[in-house]
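K.L.:
Pasting a structure here, questions to come.
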Amino acid sequence: MKKNNHISTHKNWTSLALTFLVFFFLVCMISAPARFISQSLSGLSAWATSVLPSVLPFMFFTRVLSSQKCVQTLTRPFSCVTQKLFKTPPISFYVFFMAIMSGYPVGSKMVADQYLQGKISREDAFKMSAFCSTSGPMFIIGAVGIGMFKNPTIGYILFISHVLGAILNGLLFRNLKLKSPKDEPTPQQTLDSPTQADLSDIVLSSTLAILSVGCIITIFFIIIECFSPILSLLPQNIRFWAEGCIEITKGCIDLATLHNTQLATILASFVVSFGGISTVLQSLTMLSKLKMPAKVFVLQKLCHATFSCLITILMLTFMML
C-alpha cells in the first residue's frame with residue numbers, strides 16, 4: 001500500500017512539474033511572439049534543409065527492404081558475430097546495419113518492430129537499443145561535416161567515432177538484464193508488420209515519421225529559446241554543447257561556428273552520439289511498447305556519447321586536424 005502511495009505521489013509531482021514547464025513556455029512565447037515565431041521558422045528550416053533530405057529516403061528504402069522475406073537469409077552469415085559480441089540474435093546485425101545507414105530514430109523503430117513481430121525477446125531488444133540507436137552518414141557526413149562544418153574530413157571522423165562508439169556500447173551492455181513488468185505485452189505478428197505492408201503503407205508511415213521528427217525539432221528550438229537567458233550565462237562552447245544536448249541539429253549548427261575546430265569536433269561527437277533530448281524522446285516513443293525504462297536508455301546514450309567523444313579525441317590527436 002505504501003509503495004502504491006509513493007508511486008502516486010511521484011506521478012503527482014511529475015505532473016505538477018510538467019504543468020509548470022508548459023506554463024513557463026507559454027508565458028515566454030506570449031511575451032515575445034515575434035522572436036518565437038522566428039525560432040519556429042528556424043527549426044522548420046533546419047528540419048527541411050538538413051534532416052528531411054538525409055533521413056526520409058532512408059526511412060522509405062529501409063521500410064521497403066524490411067518488407068522483403070530474405071532478411072533472415074542475409075543476416076545468417078553474421079549470426080556468430082552478433083551472438084559472440086553482443087549476445088543478441090542474428091537479426092540484430094541487420095538492424096544495426098540499417099540503423100547505421102538510416103539514422104535516428106529508425107534503429108529504435110526497427111528494434112521495436114522486431115520485438116512486436118516476435119523475432120526477439122524483450123531482453124534482446126534492450127541490449128540491441130544500446131548499439132542500434134544511431135545517426136546516419138547522410139546526417140553526420142553530409143549535414144554536419146559538409147553542410148555545417150564545411151569540412152568532409154570532420155564528417156568522416158564523427159561518423160567513424162560514432163559507429164565505433166556504438167559497437168563499444170553494445171559490448172558494455174551485452175549482459176544487461178532487467179525485470180519484466182507484470183503487464184508485459186505479448187509479442188505477436190501485428191497488422192503493422194513490415195511483411196504485410198504495401199507501397200502506400202510504406203509511403204504513409206515514412207511520411208508520418210519524418211513529419212513527427214520535424215515537429216519535435218521545431219518544438220525543441222522553441223524550448224532552447226525559452227532557456228536562452230540561462231544558457232547565455234554559460235561560456236559559448238558550453239552553451240552550444242548544452243543546446244546540442246537538448247536538440248542535436250541546433251547544437252551542431254552552433255558548434256560549427258566555434259573558432260576552435262578541434263574542440264567543436266569533440267563536442268559535436270558527443271552531441272551526435274547522445275542525440276539530444278529531442279531524439280531520445282523520439283526513440284523512447286518508438287520503444288514505448290517494450291516498456292523501455294527511460295533511465296536505462298538515457299544511460300545507454302550517455303555511454304555511447306562518451307565512447308564516441310574519446311575516440312574522436314584519439315583520432316584528432318593522431319591526425320593533427
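Residues are referred to by chain and number: the chain letter is A, B, ... according to the order shown in the C-alpha cells, the number counts from 1 in that chain, and ligands are numbered separately from 1 in the order shown.
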Residues at most 10 Å from Leu287 of chain A, counting only C-alpha atoms, excluding those fewer than 4 positions away in the same chain, as a list in words?
P.N.:
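Here the qualifying residues turn out to be Ser108, Lys109, Met110, Val111, Ala112, Asp113, Tyr115, Ala125, Phe126, Ser129, Leu281, Gln282, Ser283, Lys291, Met292, Pro293, Ala294 and Phe297 of chain A.
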K.L.:
Keeping only C-alpha atoms, write the selected residues to a file as a CSV table (one decimal), in the first residue's frame.
P.N.:
chain,number,residue,atom,x,y,z
A,108,SER,CA,14.8,2.2,-32.3
A,109,LYS,CA,11.7,1.7,-34.5
A,110,MET,CA,13.2,-1.4,-36.1
A,111,VAL,CA,14.1,-2.8,-32.7
A,112,ALA,CA,10.5,-2.3,-31.5
A,113,ASP,CA,9.2,-3.8,-34.8
A,115,TYR,CA,10.1,-7.4,-30.8
A,125,ALA,CA,15.6,-5.5,-27.5
A,126,PHE,CA,17.1,-3.8,-24.5
A,129,SER,CA,18.9,-0.5,-28.2
A,281,LEU,CA,12.2,11.2,-26.7
A,282,GLN,CA,11.7,10.2,-30.3
A,283,SER,CA,13.5,6.9,-29.7
A,291,LYS,CA,8.2,-0.6,-21.7
A,292,MET,CA,11.8,0.5,-22.1
A,293,PRO,CA,12.9,2.3,-18.8
A,294,ALA,CA,13.8,5.9,-19.8
A,297,PHE,CA,18.0,4.2,-22.4
K.L.:
Write out as CSV the residues of segment 206-285 of chain A that have any atom within 9 Å of an atom of segment 158-166 of chain A, one row each with the nearest atom pair and its distance in Å to one decimal, counting only C-alpha atoms, sorted by chain and then rising number.
P.N.:
residue,atom,partner,partner_atom,distance
A:Thr265,CA,A:Leu158,CA,7.5
A:Ile266,CA,A:Leu158,CA,8.5
A:Ala268,CA,A:Leu158,CA,7.8
A:Ser269,CA,A:Leu158,CA,5.7
A:Phe270,CA,A:His162,CA,8.8
A:Val272,CA,A:His162,CA,7.7
A:Ser273,CA,A:His162,CA,6.0
K.L.:
Please dump the current selection as a PDB file, in the first residue's frame; keep C-alpha atoms.
P.N.:
ATOM      1  CA  THR A 265      34.521  18.461 -33.345  1.00  0.00           C
ATOM      2  CA  ILE A 266      34.898  16.757 -29.951  1.00  0.00           C
ATOM      3  CA  ALA A 268      29.853  17.648 -31.775  1.00  0.00           C
ATOM      4  CA  SER A 269      30.885  13.985 -31.426  1.00  0.00           C
ATOM      5  CA  PHE A 270      29.253  13.842 -28.002  1.00  0.00           C
ATOM      6  CA  VAL A 272      25.687  13.419 -32.301  1.00  0.00           C
ATOM      7  CA  SER A 273      26.038  10.171 -30.338  1.00  0.00           C
TER       8      SER A 273
END
K.L.:
If you count only C-alpha atoms, which residues fall within 10 Å of Leu211 of chain A, apart from same-chain ones fewer than 6 positions away, as a list in words?
P.N.:
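Answer for this query is Trp47, Leu52, Leu56, Ser205 and Ile217 of chain A.
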K.L.:
Write out as a list in words the residues lying within 9 Å of Asp124 of chain A, counting only C-alpha atoms and excluding same-chain residues fewer than 2 positions away.
P.N.:
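Close residues of Asp124 of chain A: Lys87, Thr88, Pro89, Ser92, Tyr115, Ile120, Ser121, Arg122, Phe126, Lys127, Met128, Ser129 and Leu176 of chain A.
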K.L.:
Ranking A:Pro90, A:Gly136, A:Gly170, A:Pro53 by minimum distance to Gly107 of chain A and counting only C-alpha atoms, which one comes first?
P.N.:
A:Gly136
K.L.:
For Thr218 of chain A, please output as a ChimeraX atom specification all residues within 10 Å (counting only C-alpha atoms; exclusion window: fewer than 6 positions along the same chain).
P.N.:
/A:39-47,212,247,250,278
K.L.:
What gap, in Å, lies between atom CA of Asn151 of chain A and atom CA of Thr49 of chain A?
P.N.:
17.6 Å
K.L.:
Pick the closest to Phe149 of chain A from A:Leu199, A:Val81, A:Leu204, A:Leu255: which is it, counting only C-alpha atoms?
P.N.:
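Among the listed residues, A:Leu255 lies closest to Phe149 of chain A.
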K.L.:
For each of A:Ile248, A:Ile100, A:Leu26, A:Leu290, take the minimum atom-to-atom distance to Gln114 of chain A, counting only C-alpha atoms, then give the residue where this is smallest.
P.N.:
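Checking each candidate against Gln114 of chain A, we get A:Leu290 as the closest.
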K.L.:
Output as a tab-separated table (two decimals) with N, CA and C atoms, in the first residue's frame all residues of segment 24-134 of chain A that backbone DSSP marks as alpha helix (DSSP H).
P.N.:
chain	number	residue	atom	x	y	z
A	24	PHE	N	5.37	27.92	-18.27
A	24	PHE	CA	6.58	28.74	-18.46
A	24	PHE	C	6.83	28.97	-19.95
A	25	PHE	N	6.73	27.90	-20.75
A	25	PHE	CA	6.94	28.02	-22.19
A	25	PHE	C	5.88	28.93	-22.82
A	26	LEU	N	4.62	28.79	-22.40
A	26	LEU	CA	3.54	29.60	-22.95
A	26	LEU	C	3.74	31.08	-22.62
A	27	VAL	N	4.15	31.36	-21.39
A	27	VAL	CA	4.38	32.76	-20.98
A	27	VAL	C	5.51	33.36	-21.80
A	28	CYS	N	6.59	32.58	-22.01
A	28	CYS	CA	7.72	33.06	-22.81
A	28	CYS	C	7.27	33.39	-24.23
A	29	MET	N	6.46	32.52	-24.82
A	29	MET	CA	6.02	32.74	-26.20
A	29	MET	C	5.08	33.93	-26.32
A	30	ILE	N	4.20	34.10	-25.32
A	30	ILE	CA	3.26	35.23	-25.34
A	30	ILE	C	3.99	36.55	-25.14
A	31	SER	N	5.06	36.54	-24.33
A	31	SER	CA	5.80	37.77	-24.04
A	31	SER	C	6.61	38.27	-25.23
A	33	PRO	N	6.21	37.07	-29.02
A	33	PRO	CA	5.73	36.20	-30.11
A	33	PRO	C	6.58	36.25	-31.37
A	34	ALA	N	7.06	37.43	-31.73
A	34	ALA	CA	7.85	37.56	-32.96
A	34	ALA	C	9.13	36.73	-32.88
A	35	ARG	N	9.77	36.78	-31.70
A	35	ARG	CA	11.03	36.04	-31.51
A	35	ARG	C	10.81	34.54	-31.61
A	36	PHE	N	9.70	34.06	-31.06
A	36	PHE	CA	9.45	32.62	-31.05
A	36	PHE	C	8.91	32.13	-32.40
A	37	ILE	N	8.22	33.00	-33.12
A	37	ILE	CA	7.84	32.64	-34.49
A	37	ILE	C	9.09	32.47	-35.34
A	38	SER	N	10.06	33.37	-35.13
A	38	SER	CA	11.33	33.28	-35.86
A	38	SER	C	12.06	31.97	-35.53
A	39	GLN	N	12.03	31.57	-34.25
A	39	GLN	CA	12.67	30.32	-33.86
A	39	GLN	C	11.95	29.11	-34.44
A	40	SER	N	10.63	29.19	-34.52
A	40	SER	CA	9.86	28.11	-35.14
A	40	SER	C	10.26	27.94	-36.60
A	41	LEU	N	10.40	29.08	-37.30
A	41	LEU	CA	10.82	29.03	-38.69
A	41	LEU	C	12.24	28.49	-38.83
A	42	SER	N	13.10	28.83	-37.86
A	42	SER	CA	14.47	28.32	-37.88
A	42	SER	C	14.49	26.80	-37.70
A	43	GLY	N	13.62	26.32	-36.80
A	43	GLY	CA	13.52	24.89	-36.57
A	43	GLY	C	13.02	24.16	-37.81
A	44	LEU	N	11.98	24.72	-38.43
A	44	LEU	CA	11.44	24.12	-39.66
A	44	LEU	C	12.47	24.15	-40.78
A	45	SER	N	13.23	25.24	-40.85
A	45	SER	CA	14.27	25.37	-41.88
A	45	SER	C	15.37	24.33	-41.67
A	46	ALA	N	15.80	24.14	-40.41
A	46	ALA	CA	16.83	23.15	-40.11
A	46	ALA	C	16.35	21.74	-40.46
A	52	LEU	N	15.29	16.38	-43.33
A	52	LEU	CA	14.37	15.80	-44.31
A	52	LEU	C	15.08	15.12	-45.48
A	53	PRO	N	16.00	15.80	-46.17
A	53	PRO	CA	16.64	15.15	-47.32
A	53	PRO	C	17.57	14.00	-46.95
A	54	SER	N	18.09	14.00	-45.73
A	54	SER	CA	19.03	12.95	-45.34
A	54	SER	C	18.37	11.74	-44.70
A	55	VAL	N	17.19	11.92	-44.13
A	55	VAL	CA	16.54	10.83	-43.39
A	55	VAL	C	15.38	10.20	-44.15
A	56	LEU	N	14.54	11.02	-44.80
A	56	LEU	CA	13.34	10.50	-45.45
A	56	LEU	C	13.63	9.39	-46.47
A	57	PRO	N	14.60	9.57	-47.39
A	57	PRO	CA	14.87	8.49	-48.35
A	57	PRO	C	15.25	7.18	-47.67
A	58	PHE	N	16.05	7.27	-46.59
A	58	PHE	CA	16.46	6.07	-45.89
A	58	PHE	C	15.30	5.43	-45.15
A	59	MET	N	14.42	6.25	-44.59
A	59	MET	CA	13.23	5.70	-43.94
A	59	MET	C	12.40	4.88	-44.93
A	60	PHE	N	12.26	5.43	-46.14
A	60	PHE	CA	11.46	4.75	-47.16
A	60	PHE	C	12.12	3.44	-47.60
A	61	PHE	N	13.40	3.51	-47.96
A	61	PHE	CA	14.06	2.33	-48.52
A	61	PHE	C	14.31	1.24	-47.47
A	62	THR	N	14.56	1.64	-46.21
A	62	THR	CA	14.73	0.61	-45.18
A	62	THR	C	13.40	-0.09	-44.91
A	63	ARG	N	12.31	0.67	-45.03
A	63	ARG	CA	10.99	0.06	-44.86
A	63	ARG	C	10.71	-0.92	-45.99
A	64	VAL	N	11.11	-0.55	-47.23
A	64	VAL	CA	10.96	-1.46	-48.36
A	64	VAL	C	11.79	-2.72	-48.16
A	65	LEU	N	13.03	-2.54	-47.73
A	65	LEU	CA	13.92	-3.68	-47.51
A	65	LEU	C	13.39	-4.59	-46.41
A	66	SER	N	12.85	-3.97	-45.36
A	66	SER	CA	12.31	-4.75	-44.24
A	66	SER	C	11.10	-5.58	-44.67
A	71	VAL	N	15.43	-11.23	-45.30
A	71	VAL	CA	16.25	-10.61	-44.25
A	71	VAL	C	17.00	-11.65	-43.43
A	72	GLN	N	16.28	-12.69	-42.99
A	72	GLN	CA	16.90	-13.73	-42.17
A	72	GLN	C	18.06	-14.38	-42.92
A	73	THR	N	17.87	-14.62	-44.22
A	73	THR	CA	18.91	-15.25	-45.02
A	73	THR	C	20.15	-14.37	-45.12
A	74	LEU	N	19.93	-13.08	-45.33
A	74	LEU	CA	21.05	-12.15	-45.47
A	74	LEU	C	21.84	-12.00	-44.17
A	75	THR	N	21.17	-12.09	-43.03
A	75	THR	CA	21.85	-11.88	-41.75
A	75	THR	C	22.44	-13.15	-41.15
A	79	SER	N	25.58	-14.32	-37.86
A	79	SER	CA	24.99	-14.74	-36.58
A	79	SER	C	26.05	-14.93	-35.51
A	80	CYS	N	27.18	-15.50	-35.90
A	80	CYS	CA	28.25	-15.74	-34.91
A	80	CYS	C	28.79	-14.43	-34.35
A	81	VAL	N	28.88	-13.42	-35.23
A	81	VAL	CA	29.43	-12.12	-34.81
A	81	VAL	C	28.53	-11.48	-33.76
A	82	THR	N	27.25	-11.39	-34.05
A	82	THR	CA	26.33	-10.73	-33.13
A	82	THR	C	26.15	-11.52	-31.83
A	83	GLN	N	26.13	-12.85	-31.94
A	83	GLN	CA	25.93	-13.66	-30.74
A	83	GLN	C	27.14	-13.59	-29.82
A	84	LYS	N	28.34	-13.57	-30.39
A	84	LYS	CA	29.55	-13.53	-29.56
A	84	LYS	C	29.84	-12.14	-29.02
A	85	LEU	N	29.66	-11.13	-29.86
A	85	LEU	CA	29.96	-9.77	-29.43
A	85	LEU	C	28.90	-9.21	-28.48
A	86	PHE	N	27.64	-9.28	-28.89
A	86	PHE	CA	26.57	-8.61	-28.17
A	86	PHE	C	25.60	-9.54	-27.45
A	91	ILE	N	19.43	-11.45	-36.24
A	91	ILE	CA	18.73	-10.33	-36.85
A	91	ILE	C	19.27	-8.99	-36.38
A	92	SER	N	19.96	-8.98	-35.23
A	92	SER	CA	20.47	-7.72	-34.68
A	92	SER	C	21.53	-7.10	-35.58
A	93	PHE	N	22.26	-7.94	-36.34
A	93	PHE	CA	23.25	-7.37	-37.27
A	93	PHE	C	22.55	-6.56	-38.35
A	94	TYR	N	21.46	-7.10	-38.87
A	94	TYR	CA	20.69	-6.38	-39.88
A	94	TYR	C	20.15	-5.06	-39.34
A	95	VAL	N	19.59	-5.10	-38.13
A	95	VAL	CA	19.04	-3.88	-37.52
A	95	VAL	C	20.15	-2.86	-37.30
A	96	PHE	N	21.31	-3.32	-36.82
A	96	PHE	CA	22.46	-2.43	-36.58
A	96	PHE	C	22.90	-1.78	-37.89
A	97	PHE	N	23.02	-2.59	-38.94
A	97	PHE	CA	23.46	-2.08	-40.24
A	97	PHE	C	22.48	-1.04	-40.78
A	98	MET	N	21.19	-1.34	-40.71
A	98	MET	CA	20.19	-0.41	-41.23
A	98	MET	C	20.10	0.84	-40.37
A	99	ALA	N	20.32	0.70	-39.06
A	99	ALA	CA	20.32	1.87	-38.18
A	99	ALA	C	21.48	2.80	-38.52
A	100	ILE	N	22.65	2.22	-38.76
A	100	ILE	CA	23.83	3.00	-39.12
A	100	ILE	C	23.62	3.70	-40.46
A	101	MET	N	22.97	3.03	-41.38
A	101	MET	CA	22.74	3.61	-42.70
A	101	MET	C	21.61	4.65	-42.70
A	102	SER	N	20.66	4.49	-41.79
A	102	SER	CA	19.46	5.33	-41.83
A	102	SER	C	19.50	6.52	-40.89
A	106	VAL	N	15.30	5.55	-36.77
A	106	VAL	CA	14.97	4.32	-37.48
A	106	VAL	C	15.39	3.08	-36.70
A	107	GLY	N	16.60	3.11	-36.11
A	107	GLY	CA	17.08	1.95	-35.37
A	107	GLY	C	16.15	1.54	-34.25
A	108	SER	N	15.71	2.51	-33.47
A	108	SER	CA	14.81	2.21	-32.35
A	108	SER	C	13.48	1.66	-32.86
A	109	LYS	N	12.99	2.21	-33.96
A	109	LYS	CA	11.73	1.71	-34.53
A	109	LYS	C	11.88	0.27	-34.99
A	110	MET	N	13.01	-0.06	-35.61
A	110	MET	CA	13.23	-1.42	-36.08
A	110	MET	C	13.37	-2.40	-34.93
A	111	VAL	N	14.02	-1.98	-33.84
A	111	VAL	CA	14.12	-2.83	-32.65
A	111	VAL	C	12.72	-3.15	-32.13
A	112	ALA	N	11.88	-2.11	-32.02
A	112	ALA	CA	10.52	-2.32	-31.54
A	112	ALA	C	9.72	-3.22	-32.49
A	113	ASP	N	9.92	-3.02	-33.81
A	113	ASP	CA	9.21	-3.85	-34.79
A	113	ASP	C	9.59	-5.32	-34.66
A	114	GLN	N	10.89	-5.59	-34.49
A	114	GLN	CA	11.35	-6.98	-34.36
A	114	GLN	C	10.76	-7.64	-33.12
A	115	TYR	N	10.65	-6.86	-32.04
A	115	TYR	CA	10.07	-7.40	-30.80
A	115	TYR	C	8.58	-7.69	-30.97
A	116	LEU	N	7.86	-6.74	-31.56
A	116	LEU	CA	6.41	-6.90	-31.73
A	116	LEU	C	6.07	-8.03	-32.71
A	122	ARG	N	12.30	-9.36	-25.18
A	122	ARG	CA	12.39	-8.02	-24.60
A	122	ARG	C	13.81	-7.73	-24.14
A	123	GLU	N	14.48	-8.74	-23.57
A	123	GLU	CA	15.86	-8.57	-23.12
A	123	GLU	C	16.78	-8.30	-24.30
A	124	ASP	N	16.56	-9.02	-25.42
A	124	ASP	CA	17.34	-8.78	-26.63
A	124	ASP	C	17.13	-7.35	-27.12
A	125	ALA	N	15.88	-6.89	-27.07
A	125	ALA	CA	15.57	-5.53	-27.53
A	125	ALA	C	16.31	-4.49	-26.71
A	126	PHE	N	16.37	-4.70	-25.39
A	126	PHE	CA	17.09	-3.76	-24.53
A	126	PHE	C	18.57	-3.73	-24.87
A	127	LYS	N	19.16	-4.90	-25.10
A	127	LYS	CA	20.58	-4.97	-25.47
A	127	LYS	C	20.81	-4.30	-26.82
A	128	MET	N	19.94	-4.56	-27.77
A	128	MET	CA	20.09	-4.00	-29.12
A	128	MET	C	19.95	-2.48	-29.14
A	129	SER	N	19.13	-1.95	-28.25
A	129	SER	CA	18.94	-0.49	-28.20
A	129	SER	C	20.24	0.23	-27.85
A	130	ALA	N	21.19	-0.48	-27.23
A	130	ALA	CA	22.46	0.13	-26.85
A	130	ALA	C	23.34	0.43	-28.06
A	131	PHE	N	23.22	-0.38	-29.13
A	131	PHE	CA	24.08	-0.15	-30.30
A	131	PHE	C	23.30	0.09	-31.59
A	132	CYS	N	21.98	0.05	-31.53
A	132	CYS	CA	21.16	0.25	-32.74
A	132	CYS	C	20.47	1.61	-32.78
